[in-house]
Each structure stands twice: as C-alpha cells, then as structure tokens.
Amino acid sequence: MKTIIAKIQKDNELENKEIYRRAGEILRGGGLVAFPTETVYGLGADALDEKASAKIYAAKGRPSDNPLIVHIADKKDLYKLSSCVNDNAVRLAQAFWPGPLTMILKKADIVPASITGGLDTVAIRMPSHPVAEKLIKEAGVYVAAPSANTSGRPSPTRAAHVIDDLSGRIDMIIEDDTVDIGVESTIVDLSEEVPTILRPGYITEQMLSQVLDSVITDPGIMTSVKAGVVPKAPGMKYKHYAPNADLAIVEGSMEHVIDYINTAVKEKEKQGFKVGIMATDETKDRYKSGMVYSVGSRKSEASVAHNLFAQLRAFDQLGAQYIYSESFSTDNVGQAVMNRLIKAAGHTIINV
Ligand code: AMP
Ligand code: MG
C-alpha cells in the first residue's frame, strides 16, 4: 500500500483544507489515518466500523484484547458512546476537555466489543490539538485511535517515527510536528465506585482531585507485573515503549549515579558494545564516554516528557546496544515519565 504523507502548511489554508477533506474521506471509507494530537501521534479509524478498527490491530501488531481509545470532537458525543455518563464524567469533561484526559465509562450498545477488548466499558477522549479536532470534525465519525507506533515500540511524537513504523501499512499520515506533551493521555476509570487512574499522564492525580470528591491511582501503575499486581488497563501489562537496546535505569544520589554509569559504560565499550547515556542538561557534561544525550532539564518534568520517546528512538537509530538512563523526578508529569521509562526498561532498575 502506498501511504500518503501530507504536511500541514502554516499559511496555506486551501491546501490544508484539501488534506482534511482527503483524510476524512479515507476514515469514512474504512481506511487508516495517522494524525498528531497534543500527547502523541494517533492511528485513527472509524470506531463503529469493525473492519476498519481491525486494520488498526493488524497494522500495529496489537494484541486484540488491548482496547482502543475513541476520540471525539464534541463533548455531547460522550452520551452517544456511553450509556452511563455520571456526574464525575461531566465535571471532568468541563474541567479538562478538550485535553489529555481519557475517561472509561460503561459503553453504549453501538460501540463494538472488538474495540473494547471485549470489555463492557469504553475509553473516550476529546483531544485539544487543532489538527486532531479538525480531522474528527471533517470525518464526521468517532475516531478509534491508539498510538501510531508498532506495538511495543516507543510511542511516536514526530511524523518520522510514524513513517518508520507504519509507512506502507496505512493509508495516510498527517504531518505536523507540534506534538507538545510527549506522553499518552491520563486514563481515569469512572465505571467503578471510586474514580481510578489507570495510566498516569499530564493530568495528575492532584489536578483530578480538585474536581472529583475522591480519586485513587491503580496500584499496578508503577509496580511490576512480576510483583503480582496486574494493572487494570489491559494495555499496561504488555512490554511497551521499548528501544532495541538493553535499557537500564540507574537510581540513587546524583554523584553515585554518574559514577556508576561512567564505570559501566567504560566496561561495555571495552567489550566492543555501543552504549547510550540518557542524561539531563544539568548532568550531561559529567560523562566521560558513550553516546551522551540530554533528554531535558531536571528543572522541568515537562521537557523530559516531551523528549523521552524521541530520545529512545534516537538511540535505536544510533545503533545503541545498551542504554543507561538516569532516573527522573516523579513530580507532575514526571510520574508518567517514570511509568513509561520503567516499562521501556522492562523493570530493570539498578539502585546505587
Ligand atoms: P494507546 O492508545 O496505545 O495509548 O492505548 C490505549 C490504552 O487505553 C491502553 O493501555 C488500553 O489498555 C487502555 N484502555 C482502553 N480502553 C480501556 C477500557 N475500556 N478499560 C481499561 N483500559 C482501557
Ligand atoms: Mg500505545
């Protein structure tokens, strides 16, 4: 299949209109379109067309029990997709939509079980990225969209990542590298008694607690499946976000971390391996060998979130066989960063 790659132009409304028209037509016709959102790139299909969403699973190599998030462009569509929109959902939609928050609610009958992994709940989000919003409106359908990467790889934050993974397997990629946040949406389950965060993201528990009477975080989020706590979002149990290299997180006081990584890298390079170091603006000059990159500033969790997946993919491009990453703050969006990084490392954390 030839994949159309169409770039949104800053000052060419006419050409952009044609891109949305074409993409909308593809979605209504049961095809696949990748598009930017404020979190990561999504791979979209008509959510109510089972044949179309089956193509998402095939293109990504995604396990069929891992449900999709349905994207809408109008808050009222919540009522079309869910039969039990409760007070909490209304409050959250008012406070955080459009934006990086996904809500889990009891599904309406029109939602096919094939996109909910057989569950009787559905995940719904209204994105704020203007390209996503325009595309959903133009298509006139609800858009089921997981991240636009091959299953298991780091999520795509740039069109080049989508092209690497899915070119030739999907109908169209809309390119607009203004993906800001860099980690996927916060998922909150509202189908239970107490609203529960199933996946951390830019919207934190603290932000949610200002709107909800109570909210808790699923204990499966930061711990290992091996520890016996199985996360409730089906997708969180899979190996995820992983670069080709063997990734380890080194945790401890900054001085110990830097010393450990310097010694480990020297050893690995002596054995002939290519080694990457994921450092920060504040620490990058302290490493003596290896491929050293700053993923952001320790003063800004958002900068690390923004660059995390792109940096993991960059190490792949460089042919890294081992990556040592510093550990980052879990404040604010930092919790989402560490959640993704721990999964990417397959739970390999070295305490020094
Ligand atoms: P992705 O779009 O690739 O970020 O994946 C969507 C995430 O949402 C996965 O982790 C899914 O397991 C989760 N998800 C989607 N629908 C549901 C649902 N009904 N219940 C729990 N988790 C869900
Ligand atoms: Mg994903």
# chains A, B, ... in the order shown; residues from 1 in each chain; ligands from 1
$ residues_near_ligand --ligand "ligand 1" --cutoff "8 Å" --atoms "only C-alpha atoms and all ligand atoms" --output "PyMOL selection string"
chain A and resi 42+66-69+104-105+115-117+119-124+145-148+155+184-185+187+189+198-199+232-236
$ atom_distance --atom1 "CA of Ala95 (chain A)" --atom2 "CA of Met338 (chain A)"
25.5 Å
$ residues_around --residues "Gln210 (chain A)" --least-positions-apart "2" --cutoff "12 Å" --atoms "only C-alpha atoms" --output "list in words"
Asn88, Arg91, Leu92, Ala95, Phe96, Ile203, Thr204, Glu205, Gln206, Met207, Leu208, Leu212, Asp213, Ser214 and Val215 of chain A
$ write_last_selection --atoms "C-alpha atoms" --output "PDB file, in the first residue's frame"
ATOM      1  CA  ASN A  88     -17.901  12.785  37.630  1.00  0.00           C
ATOM      2  CA  ARG A  91     -17.219  17.505  35.815  1.00  0.00           C
ATOM      3  CA  LEU A  92     -14.047  16.135  34.243  1.00  0.00           C
ATOM      4  CA  ALA A  95     -12.519  20.881  33.550  1.00  0.00           C
ATOM      5  CA  PHE A  96     -10.160  19.039  31.179  1.00  0.00           C
ATOM      6  CA  ILE A 203      -3.237  15.485  34.089  1.00  0.00           C
ATOM      7  CA  THR A 204      -2.111  14.365  37.553  1.00  0.00           C
ATOM      8  CA  GLU A 205      -3.993  12.858  40.485  1.00  0.00           C
ATOM      9  CA  GLN A 206      -3.626  16.182  42.260  1.00  0.00           C
ATOM     10  CA  MET A 207      -5.289  18.025  39.357  1.00  0.00           C
ATOM     11  CA  LEU A 208      -8.117  15.471  39.224  1.00  0.00           C
ATOM     12  CA  LEU A 212     -13.536  14.997  41.981  1.00  0.00           C
ATOM     13  CA  ASP A 213     -14.539  14.225  45.579  1.00  0.00           C
ATOM     14  CA  SER A 214     -12.190  11.260  45.587  1.00  0.00           C
ATOM     15  CA  VAL A 215      -9.707   9.708  43.188  1.00  0.00           C
TER      16      VAL A 215
END
$ residues_around --residues "Asp246 (chain A)" --least-positions-apart "4" --cutoff "12 Å" --atoms "only C-alpha atoms" --output "VMD selection string"
chain A and resid 242 268 273 to 277 312 315 to 316 319 to 325 344 to 349
$ write_last_selection --atoms "N, CA and C atoms" --output "compact mmCIF listing (two decimals), in the first residue's frame"
# COMPACT_ATOMS: atom_id res chain seq x y z
N ALA A 242 9.58 0.06 24.28
CA ALA A 242 10.95 -0.40 24.43
C ALA A 242 11.82 -0.09 23.22
N LYS A 268 31.44 -1.70 29.19
CA LYS A 268 30.71 -2.18 27.99
C LYS A 268 31.46 -1.79 26.72
N PHE A 273 30.81 -2.89 22.76
CA PHE A 273 29.41 -2.50 22.57
C PHE A 273 29.24 -1.00 22.37
N LYS A 274 28.15 -0.65 21.65
CA LYS A 274 27.77 0.77 21.53
C LYS A 274 26.81 1.11 22.66
N VAL A 275 27.13 2.16 23.41
CA VAL A 275 26.36 2.45 24.62
C VAL A 275 25.84 3.89 24.62
N GLY A 276 24.56 4.02 24.91
CA GLY A 276 23.94 5.34 25.03
C GLY A 276 23.74 5.73 26.48
N ILE A 277 23.80 7.02 26.76
CA ILE A 277 23.53 7.52 28.12
C ILE A 277 22.43 8.57 28.02
N LEU A 312 14.58 7.79 23.02
CA LEU A 312 14.73 6.33 22.98
C LEU A 312 14.86 5.87 21.53
N PHE A 315 18.34 6.63 20.05
CA PHE A 315 19.37 5.64 20.42
C PHE A 315 19.30 4.43 19.49
N ASP A 316 18.08 4.04 19.10
CA ASP A 316 17.94 2.95 18.12
C ASP A 316 18.63 3.31 16.81
N GLY A 319 22.20 2.92 16.80
CA GLY A 319 22.69 1.55 16.94
C GLY A 319 23.13 1.19 18.35
N ALA A 320 22.60 1.90 19.35
CA ALA A 320 22.98 1.59 20.73
C ALA A 320 22.56 0.17 21.09
N GLN A 321 23.45 -0.56 21.77
CA GLN A 321 23.12 -1.91 22.24
C GLN A 321 22.76 -1.91 23.72
N TYR A 322 23.31 -0.94 24.44
CA TYR A 322 22.95 -0.73 25.85
C TYR A 322 22.64 0.75 26.05
N ILE A 323 21.65 1.02 26.88
CA ILE A 323 21.37 2.41 27.28
C ILE A 323 21.32 2.45 28.80
N TYR A 324 22.03 3.42 29.37
CA TYR A 324 21.89 3.71 30.80
C TYR A 324 21.15 5.03 30.92
N SER A 325 20.07 5.02 31.69
CA SER A 325 19.31 6.25 31.88
C SER A 325 19.36 6.67 33.34
N ALA A 344 9.70 0.70 29.61
CA ALA A 344 10.66 0.62 28.49
C ALA A 344 11.88 -0.21 28.91
N ALA A 345 12.24 -0.11 30.18
CA ALA A 345 13.41 -0.82 30.69
C ALA A 345 13.07 -2.25 31.12
N GLY A 346 11.81 -2.65 30.91
CA GLY A 346 11.42 -3.99 31.35
C GLY A 346 11.67 -4.15 32.84
N HIS A 347 11.51 -3.06 33.62
CA HIS A 347 11.65 -3.05 35.07
C HIS A 347 13.09 -3.26 35.56
N THR A 348 14.06 -3.00 34.67
CA THR A 348 15.46 -3.09 35.13
C THR A 348 15.88 -1.77 35.78
N ILE A 349 15.94 -1.79 37.10
CA ILE A 349 16.35 -0.59 37.85
C ILE A 349 17.54 -0.97 38.72
$ atom_distance --atom1 "CA of Asp49 (chain A)" --atom2 "CA of Glu133 (chain A)"
19.9 Å
$ residues_around --residues "Arg28 (chain A)" --least-positions-apart "3" --cutoff "10 Å" --atoms "only C-alpha atoms" --output "PyMOL selection string"
chain A and resi 23-25+31-32+45-46+49+52+138-143
$ residues_around --residues "Tyr293 (chain A)" --least-positions-apart "3" --cutoff "10 Å" --atoms "only C-alpha atoms" --output "ChimeraX atom specification"
/A:276-281,283-285,290,296,311,314-315,325
$ write_last_selection --atoms "C-alpha atoms" --output "compact mmCIF listing (two decimals), in the first residue's frame"
# COMPACT_ATOMS: atom_id res chain seq x y z
CA GLY A 276 23.94 5.34 25.03
CA ILE A 277 23.53 7.52 28.12
CA MET A 278 20.26 9.32 28.78
CA ALA A 279 21.31 12.31 30.84
CA THR A 280 19.91 15.77 31.55
CA ASP A 281 21.03 19.34 30.80
CA THR A 283 24.48 16.26 34.12
CA LYS A 284 25.41 15.62 30.50
CA ASP A 285 28.92 17.12 30.79
CA GLY A 290 29.42 6.69 25.43
CA GLY A 296 15.62 17.61 29.11
CA GLN A 311 15.34 10.08 22.57
CA ALA A 314 17.23 8.20 18.52
CA PHE A 315 19.37 5.64 20.42
CA SER A 325 19.31 6.25 31.88
$ select_by_dssp --residues "region 66-112 of chain A" --states "alpha helix (DSSP H)" --output "JSON, numbers by chain"
{"A": [78, 79, 80, 81, 87, 88, 89, 90, 91, 92, 93, 94, 95, 96]}
$ residues_around --residues "Arg153 (chain A)" --least-positions-apart "4" --cutoff "7 Å" --atoms "only C-alpha atoms" --output "ChimeraX atom specification"
/A:149,240-243
$ closest_residue --among "A:Gly99, A:Tyr202, A:Val33, A:Tyr79" --to "Ile136 (chain A)" --atoms "only C-alpha atoms"
A:Val33
$ closest_residue --among "A:Lys60, A:Lys80, A:Lys107, A:Lys137" --to "ligand 2" --atoms "only C-alpha atoms and all ligand atoms"
A:Lys60
$ closest_residue --among "A:Gln335, A:Ile350, A:Ser128, A:His306" --to "Ala264 (chain A)" --atoms "only C-alpha atoms"
A:Ile350
$ select_by_dssp --residues "region 120-213 of chain A" --states "strand (DSSP E or B)" --output "PyMOL selection string"
chain A and resi 121-125+143-144+147+172-175+186-189+196-199
$ write_last_selection --atoms "N, CA and C atoms" --output "compact mmCIF listing (two decimals), in the first residue's frame"
# COMPACT_ATOMS: atom_id res chain seq x y z
N THR A 121 -16.88 -1.67 28.97
CA THR A 121 -16.57 -0.24 29.12
C THR A 121 -15.89 0.27 27.85
N VAL A 122 -15.89 1.60 27.70
CA VAL A 122 -15.22 2.21 26.55
C VAL A 122 -14.38 3.39 27.02
N ALA A 123 -13.24 3.59 26.36
CA ALA A 123 -12.34 4.71 26.68
C ALA A 123 -12.64 5.86 25.71
N ILE A 124 -12.84 7.07 26.25
CA ILE A 124 -13.23 8.20 25.40
C ILE A 124 -12.35 9.42 25.71
N ARG A 125 -11.92 10.10 24.65
CA ARG A 125 -11.12 11.32 24.84
C ARG A 125 -11.47 12.37 23.80
N VAL A 143 -13.47 8.55 16.15
CA VAL A 143 -12.20 8.03 15.65
C VAL A 143 -11.49 7.20 16.73
N ALA A 144 -11.47 5.88 16.54
CA ALA A 144 -10.69 5.00 17.43
C ALA A 144 -9.23 5.20 17.08
N SER A 147 -1.89 4.81 19.94
CA SER A 147 -0.68 5.47 19.47
C SER A 147 -0.25 4.86 18.13
N MET A 172 -2.74 6.96 5.18
CA MET A 172 -2.28 8.36 5.19
C MET A 172 -1.65 8.75 6.52
N ILE A 173 -0.67 9.63 6.45
CA ILE A 173 -0.07 10.22 7.65
C ILE A 173 -0.18 11.73 7.52
N ILE A 174 -0.83 12.37 8.48
CA ILE A 174 -0.86 13.84 8.50
C ILE A 174 0.29 14.30 9.37
N GLU A 175 1.18 15.09 8.75
CA GLU A 175 2.40 15.51 9.45
C GLU A 175 2.24 16.92 9.99
N THR A 186 -3.69 10.75 30.34
CA THR A 186 -4.06 10.17 31.62
C THR A 186 -5.36 9.38 31.40
N ILE A 187 -5.42 8.14 31.90
CA ILE A 187 -6.67 7.37 31.80
C ILE A 187 -7.29 7.27 33.19
N VAL A 188 -8.56 7.69 33.31
CA VAL A 188 -9.25 7.57 34.59
C VAL A 188 -10.52 6.74 34.40
N ASP A 189 -10.64 5.72 35.23
CA ASP A 189 -11.78 4.80 35.15
C ASP A 189 -12.91 5.33 36.02
N THR A 196 -10.59 5.91 39.34
CA THR A 196 -9.26 5.32 39.49
C THR A 196 -8.38 5.65 38.28
N ILE A 197 -7.19 6.17 38.55
CA ILE A 197 -6.24 6.44 37.47
C ILE A 197 -5.59 5.13 37.05
N LEU A 198 -5.78 4.76 35.78
CA LEU A 198 -5.20 3.51 35.27
C LEU A 198 -3.87 3.75 34.56
N ARG A 199 -3.67 4.99 34.11
CA ARG A 199 -2.40 5.32 33.44
C ARG A 199 -2.11 6.79 33.74
$ atom_distance --atom1 "CA of Ile216 (chain A)" --atom2 "CA of Met103 (chain A)"
14.1 Å
$ closest_residue --among "A:Met1, A:Asn16, A:Gly30, A:Thr39" --to "ligand 2" --atoms "only C-alpha atoms and all ligand atoms"
A:Thr39
